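K.L.:
Please see the structure below; I have some questions.
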Amino acid sequence: MTEHGSFRAPGPGDAEFETPAELYDQAPCGLLSTTPDGIVTEVNATLLRWTGHSRASMLGTPFEQLLTTGSRLFYETRYLPILRLAGEVREAALTLRCVSGESLPVLVNSTTRFGTDATPRLVSTAIFDSTQRHNLERELLNARRAAEASETHVRALQDASTAFGTCESEAAVAAALEHSARQAFRATAVAVLLFDGAGGVRLAAGRHPLFDGSAGIAQGGPEAEALSNGRAVTVVNGADAEARFPDVVGALRAARIEGLSTVPIIGMERTLGLLTCFYGRQRDLDDDRLALQMALALQAAQVFERVSLHAELANLALYDSLTGLANRSLLQHSLNAALLLAARHRSRLAVIFMDLDGFKAVNDGLGHLAGDAVLEEIAHRLRDVVRGSDTLARFGGDEFVVICEDIGVDEARGLAERIRLAVRQPLVGISASFAVTASVGIALHEPVDGSAMSTAEILKAADSAMYASKCAGRDHITVASV
Amino acid sequence: MREIDDLPHVGVLVRNNVHVSGNAAGRPMVFAHGFGCSQEMWRAVVPEFEADYRIVLFDHVGAGGSDLVQYDYGKYDSLHGYADDLLDLLEELDLRDVVFVGHSVSSMIGVLAEIRSPERFGALALICPSPRYINDGDYAGGFDQGEIEGLLDALDANYLGWSATMAPVIMGNLDRPQLGQELTTSFCKTDPDIASHFAHVTFLSDNRRDLARVSTPALIVQSANDVIAPLPVGQYVHRKIVGSSLVVLPTSGHCPNLSDPSLLAAAIRAYLK
């Protein structure tokens, strides 16, 4: 001990003297002893004054009974386990219940005192009034919660926007939407359902515990309702589902889904699909949450339409708009690739050139609409007879070309024969006097020295063979080897 | 089965910080901890079974030594996500005839897993279970909605101080040695956001309907004086799980695994005989 020259410790009788007992009782903090099980065995006057309890009512009472219910839960699930495992707890924030009915926020330190045999004997606790800190904390906490809520909203939309920016396909947009929604809503599963042009619906991304591709969207379910009224529909829990959507309750339960929220994805001219989030427990699906889900769906709708427009434009450049077959530019491209491949693998390749006989008469006699119908029908028949690996193109007017890779002369002739027979079948709605047949020419190419033939050369050879069939009286097949 | 975006694949043994000990030839006994702590909760119970049982301890993802990176807010937004992990664990170790010992919320996690794969389980020991904490009509769960929100506030109030940036502002005592704090975090460390989310999932779930679907023999252990899972809740669970046994320990508090490990072990042992 250091002794200060001028210092004399006050003793009994001095005005400034305080006994250790007085210090304990009047300390500027609550002091408390409990058994290891939390039964109060000693308490100072400060704590009694703060809480309004009498000393007699406090002794023998479990400490947790002095706490508000929320604090009791924290005390049981976290405070006590840590006290038992670590021997002490520092600065736990708890709330005391006062006799007056008011509550007192406090900070609590507890230390376990052990006996010589290392068993816990008692717990000493110091309790500090933290009203001021508590109020500051509440403000901070409320500000933080509000900031987080709005940040979640903004960030979800920003993240989605960034992800959508790089999407080139419908599948990519659907996947980005699914990911964004799953993150934003902490959903157990998210499904992006999209309609195709023909009224069918498919799962474009994510997981849909209820969706059966063949049956479509469940009738009488929340998604059907969202589609019919164009608005968000939520199911908060199993009882809600039972009351409002009895048809899908069994499926929800089997999928361990308690709630869901679904919004239609509405485009400029039509409803494109649905964004549905599934939750494994009862969730508070408030308006803010739904607003965010609708905003995500709206954002996605615009991107879906952009990529679909791009795809349409790309399609227009490669496919014939009347028949849907490859156009001349795609034919050139495919034929070039096929010739290079044939040269490299020394494999045989055939180009079948076909020109309709009698088509001009249909066009002139029955009009262009009838002519177009005939071309569509012929294209349809050709599709049915060619092999899956063949490339079928409309070369122009009433001329069609088939590229057949890896094919022998007999097989090529057989295919040409199927084409010839398919074309000469009667046309529904068109008088028999307007018979349509096919003049067919086959250019069969067998590479020998590794140098590739040009597309112009082989097309010219096939065209010449076709012309030979025309000269031979039409409805005929000519084979040329090149 | 499920998807987690952009996460590296980590096996369940690492993800859930699985520890296997005890008698390698013994019947498997899997311990699952409740909300607020980690597998440390079983420290005093495990020695009672080590000689006879193959002991499996693990942490729920988000707690203790689990791989926090694997915490997927969608997956763990319901107890089913935790049940998935438990089933992954039983499958990975290929455990059968398992004695599952689940404390508090883990009782319900065990119930959900058992419903899906009853063939893995031999017995359930549900310690202080509650299928729903919030009162609902005739059902007395022990709390009203506002009280549960009070807990969530209490959590936030406590974890606010854990935030590194917030702590100096509020505490104003950077120089104090943080020995106690370090001990605390190593025993039951948890991420504040995850703890808050787990609290929401734990205290706002309703698994009452699942109880009737349990087919494995079940022991329900209640504490005589437990504010979190009061006696009527234990009796409710006992009524709903057909053929179950209810044992009420003469203990106080929600964690007999910490306060009275020998009594708890004796009750489980007596049931398994």
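The chains in the structure tokens are called A, B, ... from first to last as shown; in each chain the residues are counted from 1, and the ligands are counted from 1 in the order shown.
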Could you write out as a ChimeraX atom specification the residues of chain A within 7 Å of chain B, counting only C-alpha atoms?
P.N.:
/A:69-71,73-74,76-78,81-82,84,86,88-90,92-94,182,186-188,280-282
K.L.:
Store the residues picked out above in a file with N, CA and C atoms, as an mmCIF file, in the first residue's frame.
P.N.:
```
data_model
loop_
_atom_site.group_PDB
_atom_site.id
_atom_site.type_symbol
_atom_site.label_atom_id
_atom_site.label_comp_id
_atom_site.auth_asym_id
_atom_site.auth_seq_id
_atom_site.Cartn_x
_atom_site.Cartn_y
_atom_site.Cartn_z
ATOM 1 N N THR A 69 -40.880 -10.281 -19.803
ATOM 2 C CA THR A 69 -40.925 -11.575 -20.474
ATOM 3 C C THR A 69 -39.876 -11.701 -21.575
ATOM 4 N N GLY A 70 -39.749 -10.636 -22.370
ATOM 5 C CA GLY A 70 -38.759 -10.683 -23.454
ATOM 6 C C GLY A 70 -37.363 -10.913 -22.899
ATOM 7 N N SER A 71 -37.052 -10.238 -21.790
ATOM 8 C CA SER A 71 -35.743 -10.400 -21.162
ATOM 9 C C SER A 71 -35.579 -11.794 -20.582
ATOM 10 N N LEU A 73 -36.776 -14.531 -21.750
ATOM 11 C CA LEU A 73 -36.447 -15.443 -22.841
ATOM 12 C C LEU A 73 -34.958 -15.357 -23.163
ATOM 13 N N PHE A 74 -34.463 -14.121 -23.192
ATOM 14 C CA PHE A 74 -33.048 -13.944 -23.480
ATOM 15 C C PHE A 74 -32.200 -14.524 -22.345
ATOM 16 N N GLU A 76 -32.927 -16.949 -20.302
ATOM 17 C CA GLU A 76 -32.934 -18.422 -20.306
ATOM 18 C C GLU A 76 -32.137 -19.004 -21.456
ATOM 19 N N THR A 77 -32.250 -18.376 -22.631
ATOM 20 C CA THR A 77 -31.644 -19.000 -23.814
ATOM 21 C C THR A 77 -30.205 -18.597 -24.029
ATOM 22 N N ARG A 78 -29.792 -17.486 -23.445
ATOM 23 C CA ARG A 78 -28.427 -17.069 -23.735
ATOM 24 C C ARG A 78 -27.625 -16.698 -22.477
ATOM 25 N N PRO A 81 -27.012 -19.950 -20.151
ATOM 26 C CA PRO A 81 -26.032 -20.890 -20.725
ATOM 27 C C PRO A 81 -24.615 -20.342 -20.690
ATOM 28 N N ILE A 82 -24.456 -19.045 -21.009
ATOM 29 C CA ILE A 82 -23.102 -18.493 -21.018
ATOM 30 C C ILE A 82 -22.556 -18.400 -19.597
ATOM 31 N N ARG A 84 -23.225 -20.339 -17.179
ATOM 32 C CA ARG A 84 -22.845 -21.681 -16.719
ATOM 33 C C ARG A 84 -21.596 -22.189 -17.425
ATOM 34 N N ALA A 86 -19.208 -20.237 -19.185
ATOM 35 C CA ALA A 86 -18.042 -19.370 -19.105
ATOM 36 C C ALA A 86 -17.784 -18.890 -17.686
ATOM 37 N N GLU A 88 -19.052 -16.361 -16.295
ATOM 38 C CA GLU A 88 -19.442 -14.964 -16.110
ATOM 39 C C GLU A 88 -20.106 -14.411 -17.371
ATOM 40 N N VAL A 89 -20.854 -13.347 -17.144
ATOM 41 C CA VAL A 89 -21.505 -12.660 -18.252
ATOM 42 C C VAL A 89 -21.223 -11.181 -18.098
ATOM 43 N N ARG A 90 -20.910 -10.506 -19.177
ATOM 44 C CA ARG A 90 -20.609 -9.082 -19.129
ATOM 45 C C ARG A 90 -21.610 -8.280 -19.934
ATOM 46 N N ALA A 92 -24.762 -7.725 -20.210
ATOM 47 C CA ALA A 92 -25.986 -8.194 -20.858
ATOM 48 C C ALA A 92 -27.047 -7.110 -20.670
ATOM 49 N N ALA A 93 -27.783 -6.839 -21.733
ATOM 50 C CA ALA A 93 -28.847 -5.834 -21.641
ATOM 51 C C ALA A 93 -30.143 -6.541 -21.284
ATOM 52 N N LEU A 94 -30.675 -6.236 -20.107
ATOM 53 C CA LEU A 94 -31.922 -6.849 -19.645
ATOM 54 C C LEU A 94 -32.888 -5.739 -19.232
ATOM 55 N N ARG A 182 -35.055 -14.550 -54.240
ATOM 56 C CA ARG A 182 -34.683 -15.452 -53.145
ATOM 57 C C ARG A 182 -33.844 -14.708 -52.108
ATOM 58 N N ARG A 186 -35.692 -13.903 -48.565
ATOM 59 C CA ARG A 186 -35.309 -15.052 -47.750
ATOM 60 C C ARG A 186 -36.344 -16.163 -47.927
ATOM 61 N N ALA A 187 -36.671 -16.394 -49.169
ATOM 62 C CA ALA A 187 -37.703 -17.382 -49.479
ATOM 63 C C ALA A 187 -37.080 -18.762 -49.580
ATOM 64 N N THR A 188 -37.816 -19.759 -49.110
ATOM 65 C CA THR A 188 -37.352 -21.140 -49.194
ATOM 66 C C THR A 188 -37.206 -21.567 -50.654
ATOM 67 N N GLY A 280 -41.221 -21.485 -45.815
ATOM 68 C CA GLY A 280 -41.358 -22.702 -45.024
ATOM 69 C C GLY A 280 -42.013 -22.467 -43.676
ATOM 70 N N ARG A 281 -42.324 -21.214 -43.351
ATOM 71 C CA ARG A 281 -43.010 -20.931 -42.092
ATOM 72 C C ARG A 281 -43.921 -19.721 -42.304
ATOM 73 N N GLN A 282 -44.753 -19.504 -41.312
ATOM 74 C CA GLN A 282 -45.647 -18.355 -41.345
ATOM 75 C C GLN A 282 -44.811 -17.076 -41.441
#
```
K.L.:
What residues in range 140-202 of chain A get the DSSP label strand (DSSP E)? Please answer as a PyMOL selection string.
P.N.:
chain A and resi 189-195+201-202
K.L.:
Put those residues in a file: all heavy atoms, as a CSV table (one decimal), in the first residue's frame.
P.N.:
```
chain,number,residue,atom,x,y,z
A,189,ALA,N,-38.2,-21.1,-51.5
A,189,ALA,CA,-38.1,-21.4,-52.9
A,189,ALA,C,-38.7,-20.3,-53.7
A,189,ALA,O,-39.6,-19.6,-53.2
A,189,ALA,CB,-38.8,-22.7,-53.2
A,190,VAL,N,-38.2,-20.1,-54.9
A,190,VAL,CA,-38.8,-19.0,-55.7
A,190,VAL,C,-39.0,-19.7,-57.1
A,190,VAL,O,-38.2,-20.4,-57.6
A,190,VAL,CB,-37.9,-17.8,-55.9
A,190,VAL,CG1,-38.4,-16.9,-57.0
A,190,VAL,CG2,-37.8,-17.0,-54.5
A,191,ALA,N,-40.2,-19.4,-57.7
A,191,ALA,CA,-40.4,-19.9,-59.1
A,191,ALA,C,-40.7,-18.8,-60.0
A,191,ALA,O,-41.5,-17.8,-59.7
A,191,ALA,CB,-41.6,-20.9,-59.0
A,192,VAL,N,-40.2,-18.8,-61.2
A,192,VAL,CA,-40.5,-17.9,-62.3
A,192,VAL,C,-41.3,-18.7,-63.3
A,192,VAL,O,-40.7,-19.6,-64.0
A,192,VAL,CB,-39.3,-17.2,-62.9
A,192,VAL,CG1,-39.7,-16.3,-64.0
A,192,VAL,CG2,-38.5,-16.5,-61.8
A,193,LEU,N,-42.6,-18.5,-63.5
A,193,LEU,CA,-43.4,-19.2,-64.5
A,193,LEU,C,-43.6,-18.3,-65.6
A,193,LEU,O,-43.9,-17.1,-65.5
A,193,LEU,CB,-44.7,-19.6,-63.9
A,193,LEU,CG,-44.7,-20.6,-62.7
A,193,LEU,CD1,-46.2,-20.8,-62.2
A,193,LEU,CD2,-44.2,-22.0,-63.2
A,194,LEU,N,-43.4,-18.8,-66.9
A,194,LEU,CA,-43.6,-18.0,-68.0
A,194,LEU,C,-44.6,-18.6,-69.0
A,194,LEU,O,-44.6,-19.9,-69.1
A,194,LEU,CB,-42.3,-17.7,-68.8
A,194,LEU,CG,-41.3,-16.9,-68.1
A,194,LEU,CD1,-40.0,-16.8,-68.9
A,194,LEU,CD2,-41.8,-15.5,-67.7
A,195,PHE,N,-45.4,-17.8,-69.6
A,195,PHE,CA,-46.4,-18.3,-70.6
A,195,PHE,C,-45.7,-18.4,-72.0
A,195,PHE,O,-44.9,-17.5,-72.3
A,195,PHE,CB,-47.6,-17.4,-70.7
A,195,PHE,CG,-48.4,-17.4,-69.5
A,195,PHE,CD1,-48.5,-16.2,-68.7
A,195,PHE,CD2,-49.1,-18.5,-69.1
A,195,PHE,CE1,-49.2,-16.2,-67.6
A,195,PHE,CE2,-49.9,-18.5,-67.9
A,195,PHE,CZ,-49.9,-17.3,-67.2
A,201,VAL,N,-47.8,-22.9,-70.1
A,201,VAL,CA,-46.9,-22.3,-69.1
A,201,VAL,C,-45.8,-23.2,-68.6
A,201,VAL,O,-46.0,-24.4,-68.6
A,201,VAL,CB,-47.8,-21.8,-67.9
A,201,VAL,CG1,-48.4,-23.0,-67.2
A,201,VAL,CG2,-47.0,-21.0,-66.9
A,202,ARG,N,-44.7,-22.6,-68.4
A,202,ARG,CA,-43.5,-23.5,-68.0
A,202,ARG,C,-42.7,-22.9,-66.9
A,202,ARG,O,-42.8,-21.6,-66.7
A,202,ARG,CB,-42.7,-23.8,-69.2
A,202,ARG,CG,-41.9,-22.6,-69.7
A,202,ARG,CD,-41.3,-22.8,-71.1
A,202,ARG,NE,-41.0,-21.6,-71.6
A,202,ARG,CZ,-39.8,-20.9,-71.3
A,202,ARG,NH1,-39.0,-21.4,-70.4
A,202,ARG,NH2,-39.5,-19.7,-71.8
```
K.L.:
Mind checking which residues fall within 7 Å of range 54-62 of chain A, counting only C-alpha atoms, ignoring those fewer than 3 positions away in the same chain, and posting them as a ChimeraX atom specification?
P.N.:
/A:38-42,48,65
K.L.:
May I have all residues of range 5-117 of chain A that DSSP, computed from the backbone, assigns to helix (DSSP H, G or I), given as a short mmCIF file (atom, residue, chain, number, x, y, z; two decimals) with C-alpha atoms, in the first residue's frame?
P.N.:
```cif
data_model
loop_
_atom_site.label_atom_id
_atom_site.label_comp_id
_atom_site.auth_asym_id
_atom_site.auth_seq_id
_atom_site.Cartn_x
_atom_site.Cartn_y
_atom_site.Cartn_z
CA PRO A 20 -18.23 -1.43 3.60
CA ALA A 21 -21.80 -2.45 4.49
CA GLU A 22 -23.06 1.07 3.79
CA LEU A 23 -21.10 1.13 0.54
CA TYR A 24 -22.73 -2.17 -0.44
CA ASP A 25 -26.21 -1.00 0.43
CA GLN A 26 -26.02 2.49 -1.06
CA ALA A 45 -30.97 -1.07 -0.98
CA THR A 46 -30.25 0.60 -4.32
CA LEU A 47 -31.83 -2.22 -6.27
CA LEU A 48 -34.81 -2.36 -3.90
CA ARG A 49 -35.29 1.40 -4.34
CA TRP A 50 -35.09 1.13 -8.17
CA THR A 51 -37.55 -1.72 -8.42
CA ARG A 55 -36.32 -6.95 0.80
CA ALA A 56 -38.58 -9.72 2.11
CA SER A 57 -40.39 -10.15 -1.18
CA MET A 58 -37.14 -10.32 -3.08
CA PHE A 63 -33.98 -13.50 -10.26
CA GLU A 64 -35.66 -14.05 -13.63
CA GLN A 65 -39.03 -13.20 -12.09
CA LEU A 66 -37.77 -9.63 -11.84
CA THR A 69 -40.92 -11.57 -20.47
CA GLY A 70 -38.76 -10.68 -23.45
CA SER A 71 -35.74 -10.40 -21.16
CA ARG A 72 -36.62 -13.68 -19.49
CA LEU A 73 -36.45 -15.44 -22.84
CA PHE A 74 -33.05 -13.94 -23.48
CA TYR A 75 -31.97 -14.75 -19.92
CA GLU A 76 -32.93 -18.42 -20.31
CA THR A 77 -31.64 -19.00 -23.81
CA ARG A 78 -28.43 -17.07 -23.74
CA TYR A 79 -27.52 -15.39 -20.45
CA LEU A 80 -27.75 -18.50 -18.28
CA PRO A 81 -26.03 -20.89 -20.73
CA ILE A 82 -23.10 -18.49 -21.02
CA LEU A 83 -22.96 -17.95 -17.26
CA ARG A 84 -22.84 -21.68 -16.72
CA LEU A 85 -20.33 -22.39 -19.46
CA ALA A 86 -18.04 -19.37 -19.10
#
```
K.L.:
If you measure from CA of Glu457 in chain A to CA of Asp410 in chain A, what distance in Å do you get, rounded to one decimal?
P.N.:
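For CA of Glu457 in chain A relative to CA of Asp410 in chain A, the distance reads 22.2 Å.
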K.L.:
In terms of the shortest atom-to-atom distance over only C-alpha atoms, which of A:Ala239, A:Leu292, A:Leu32, A:Leu67 is closest to Arg155 in chain A?
P.N.:
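Closest to Arg155 in chain A, using only C-alpha atoms: A:Leu292.
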K.L.:
Would you kindly return, as a PyMOL selection string, each protein, DNA or RNA residue with an atom no farther than 8 Å from any atom of Ala125 in chain B, considering only C-alpha atoms and excluding same-chain residues fewer than 4 positions away?
P.N.:
chain B and resi 99-102+107+218-221+268
K.L.:
Include N, CA and C atoms and write out the residues we just selected as a compact mmCIF listing (two decimals), in the first residue's frame.
P.N.:
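Contents of the output file part23.txt:
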```
# COMPACT_ATOMS: atom_id res chain seq x y z
N VAL B 99 -30.60 -42.57 -31.41
CA VAL B 99 -31.25 -41.89 -30.29
C VAL B 99 -31.01 -40.40 -30.51
N PHE B 100 -32.07 -39.70 -30.82
CA PHE B 100 -31.93 -38.27 -31.08
C PHE B 100 -32.28 -37.50 -29.82
N VAL B 101 -31.33 -36.69 -29.33
CA VAL B 101 -31.58 -35.87 -28.15
C VAL B 101 -31.58 -34.40 -28.60
N GLY B 102 -32.75 -33.81 -28.60
CA GLY B 102 -32.85 -32.44 -29.07
C GLY B 102 -33.33 -31.53 -27.96
N SER B 107 -35.80 -29.97 -30.63
CA SER B 107 -36.81 -31.02 -30.52
C SER B 107 -37.67 -31.03 -31.76
N ALA B 218 -41.02 -41.74 -28.36
CA ALA B 218 -40.52 -40.43 -27.95
C ALA B 218 -40.64 -40.22 -26.46
N LEU B 219 -39.57 -39.65 -25.90
CA LEU B 219 -39.57 -39.24 -24.49
C LEU B 219 -39.59 -37.72 -24.45
N ILE B 220 -40.49 -37.18 -23.66
CA ILE B 220 -40.55 -35.73 -23.49
C ILE B 220 -40.09 -35.40 -22.08
N VAL B 221 -39.05 -34.58 -22.00
CA VAL B 221 -38.52 -34.18 -20.70
C VAL B 221 -38.84 -32.72 -20.47
N ILE B 268 -33.09 -39.95 -19.44
CA ILE B 268 -32.94 -40.50 -20.80
C ILE B 268 -32.55 -41.98 -20.71
```
K.L.:
What's the 7 Å shell around range 229-235 of chain A, counting only C-alpha atoms, without same-chain residues fewer than 6 positions away, as a list in words?
P.N.:
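Near range 229-235 of chain A, the qualifying residues are Pro222, Ala241, Gly259, Leu260, Ser261, Thr262, Val263 and Pro264 of chain A.
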K.L.:
List the spatial neighbours of range 363-378 of chain A as a VMD selection string - criterion: any atom at most 12 Å away, only C-alpha atoms, same-chain residues fewer than 5 positions off excluded.
P.N.:
chain A and resid 320 to 325 354 to 358 383 to 385 392 to 394 396 to 400 419 to 431 433 to 438
K.L.:
Keeping only N, CA and C atoms, write those residues as a short mmCIF file (atom, residue, chain, number, x, y, z; two decimals), in the first residue's frame.
P.N.:
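Final file, out_8.cif:
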```
data_model
loop_
_atom_site.label_atom_id
_atom_site.label_comp_id
_atom_site.auth_asym_id
_atom_site.auth_seq_id
_atom_site.Cartn_x
_atom_site.Cartn_y
_atom_site.Cartn_z
N ASP A 320 -37.27 -17.91 -92.69
CA ASP A 320 -38.30 -17.45 -93.61
C ASP A 320 -39.58 -17.20 -92.81
N SER A 321 -40.12 -16.01 -92.94
CA SER A 321 -41.24 -15.64 -92.06
C SER A 321 -42.52 -16.38 -92.41
N LEU A 322 -42.67 -16.83 -93.66
CA LEU A 322 -43.92 -17.54 -94.02
C LEU A 322 -43.89 -19.00 -93.53
N THR A 323 -42.82 -19.70 -93.83
CA THR A 323 -42.80 -21.14 -93.54
C THR A 323 -42.06 -21.48 -92.25
N GLY A 324 -41.27 -20.54 -91.73
CA GLY A 324 -40.49 -20.82 -90.52
C GLY A 324 -39.25 -21.65 -90.84
N LEU A 325 -39.03 -21.99 -92.14
CA LEU A 325 -37.82 -22.75 -92.49
C LEU A 325 -36.63 -21.81 -92.52
N MET A 354 -35.30 -28.75 -104.77
CA MET A 354 -36.66 -29.12 -105.17
C MET A 354 -37.43 -27.87 -105.61
N ASP A 355 -38.06 -28.02 -106.74
CA ASP A 355 -38.86 -26.91 -107.27
C ASP A 355 -40.27 -27.44 -107.49
N LEU A 356 -41.28 -26.68 -107.06
CA LEU A 356 -42.66 -27.17 -107.21
C LEU A 356 -43.11 -27.04 -108.65
N ASP A 357 -43.81 -28.07 -109.13
CA ASP A 357 -44.44 -28.01 -110.45
C ASP A 357 -45.88 -27.59 -110.23
N GLY A 358 -46.35 -26.69 -111.06
CA GLY A 358 -47.77 -26.31 -110.98
C GLY A 358 -48.07 -25.25 -109.96
N ARG A 383 -41.01 -31.08 -93.60
CA ARG A 383 -40.50 -31.27 -92.22
C ARG A 383 -40.74 -32.70 -91.74
N ASP A 384 -41.90 -33.25 -92.13
CA ASP A 384 -42.24 -34.60 -91.66
C ASP A 384 -41.38 -35.68 -92.29
N VAL A 385 -40.89 -35.45 -93.52
CA VAL A 385 -40.19 -36.55 -94.20
C VAL A 385 -38.67 -36.49 -94.10
N LEU A 392 -33.40 -27.96 -93.52
CA LEU A 392 -34.42 -27.72 -94.53
C LEU A 392 -34.58 -26.22 -94.72
N ALA A 393 -34.46 -25.74 -95.98
CA ALA A 393 -34.52 -24.29 -96.20
C ALA A 393 -35.45 -23.95 -97.36
N ARG A 394 -36.01 -22.76 -97.27
CA ARG A 394 -36.74 -22.24 -98.45
C ARG A 394 -35.74 -21.38 -99.20
N GLY A 396 -36.21 -19.82 -102.05
CA GLY A 396 -36.84 -18.65 -102.64
C GLY A 396 -38.06 -19.11 -103.39
N GLY A 397 -39.07 -18.26 -103.59
CA GLY A 397 -40.28 -18.60 -104.34
C GLY A 397 -40.80 -19.97 -103.99
N ASP A 398 -40.85 -20.89 -104.95
CA ASP A 398 -41.34 -22.25 -104.69
C ASP A 398 -40.20 -23.25 -104.72
N GLU A 399 -38.98 -22.78 -104.35
CA GLU A 399 -37.81 -23.66 -104.34
C GLU A 399 -37.37 -23.96 -102.89
N PHE A 400 -37.10 -25.25 -102.67
CA PHE A 400 -36.68 -25.68 -101.33
C PHE A 400 -35.37 -26.47 -101.44
N ILE A 419 -39.91 -37.13 -100.47
CA ILE A 419 -40.29 -35.73 -100.72
C ILE A 419 -41.25 -35.66 -101.91
N ARG A 420 -40.89 -36.38 -102.96
CA ARG A 420 -41.71 -36.35 -104.18
C ARG A 420 -43.13 -36.83 -103.86
N LEU A 421 -43.21 -37.92 -103.12
CA LEU A 421 -44.53 -38.49 -102.80
C LEU A 421 -45.33 -37.57 -101.86
N ALA A 422 -44.62 -36.95 -100.93
CA ALA A 422 -45.31 -36.09 -99.97
C ALA A 422 -45.90 -34.88 -100.67
N VAL A 423 -45.16 -34.35 -101.65
CA VAL A 423 -45.62 -33.13 -102.32
C VAL A 423 -46.84 -33.41 -103.19
N ARG A 424 -46.87 -34.57 -103.82
CA ARG A 424 -47.95 -34.83 -104.78
C ARG A 424 -49.27 -35.26 -104.11
N GLN A 425 -49.27 -35.38 -102.80
CA GLN A 425 -50.53 -35.66 -102.11
C GLN A 425 -51.50 -34.50 -102.38
N PRO A 426 -52.81 -34.81 -102.44
CA PRO A 426 -53.78 -33.74 -102.72
C PRO A 426 -53.70 -32.64 -101.66
N LEU A 427 -54.00 -31.43 -102.06
CA LEU A 427 -53.99 -30.29 -101.15
C LEU A 427 -55.42 -29.99 -100.72
N VAL A 428 -55.66 -29.95 -99.45
CA VAL A 428 -57.00 -29.71 -98.92
C VAL A 428 -57.47 -28.31 -99.32
N GLY A 429 -58.66 -28.22 -99.84
CA GLY A 429 -59.24 -26.92 -100.17
C GLY A 429 -58.82 -26.40 -101.53
N ILE A 430 -58.05 -27.19 -102.24
CA ILE A 430 -57.60 -26.73 -103.57
C ILE A 430 -58.03 -27.76 -104.62
N SER A 431 -58.66 -27.28 -105.63
CA SER A 431 -59.21 -28.17 -106.67
C SER A 431 -58.13 -29.06 -107.25
N SER A 433 -57.66 -29.87 -110.10
CA SER A 433 -57.11 -29.40 -111.37
C SER A 433 -55.82 -28.60 -111.18
N PHE A 434 -55.61 -28.13 -109.94
CA PHE A 434 -54.35 -27.43 -109.65
C PHE A 434 -53.37 -28.38 -108.98
N ALA A 435 -52.96 -29.43 -109.70
CA ALA A 435 -52.06 -30.42 -109.10
C ALA A 435 -50.68 -29.80 -108.88
N VAL A 436 -50.10 -30.11 -107.71
CA VAL A 436 -48.74 -29.64 -107.41
C VAL A 436 -47.85 -30.86 -107.20
N THR A 437 -46.72 -30.87 -107.91
CA THR A 437 -45.75 -31.95 -107.75
C THR A 437 -44.36 -31.33 -107.57
N ALA A 438 -43.36 -32.21 -107.44
CA ALA A 438 -42.01 -31.71 -107.20
C ALA A 438 -41.04 -32.25 -108.24
#
```
K.L.:
Name the residues in contact with Ala224 in chain B at a cut-off of 6 Å, using only C-alpha atoms, excluding same-chain residues fewer than 3 positions from it; report them as a list in words.
P.N.:
Val248, Leu249, Pro250 and Thr251 of chain B
K.L.:
Emit the selected residues as a CSV table (one decimal), in the first residue's frame, including C-alpha atoms.
P.N.:
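This is the output file out_25.csv:
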```csv
chain,number,residue,atom,x,y,z
B,248,VAL,CA,-41.0,-33.9,-15.4
B,249,LEU,CA,-37.7,-33.1,-13.8
B,250,PRO,CA,-37.7,-31.3,-10.4
B,251,THR,CA,-35.6,-28.6,-12.0
```
K.L.:
To one decimal place in Å, what is the distance between CA of Met453 in chain A and CA of Thr478 in chain A?
P.N.:
20.2 Å
K.L.:
Measuring atom to atom with only C-alpha atoms, identify which of A:Val482, A:Ile257, A:Leu227, A:Ala172 is nearest to Pro209 in chain A.
P.N.:
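Nearest to Pro209 in chain A: A:Ile257.
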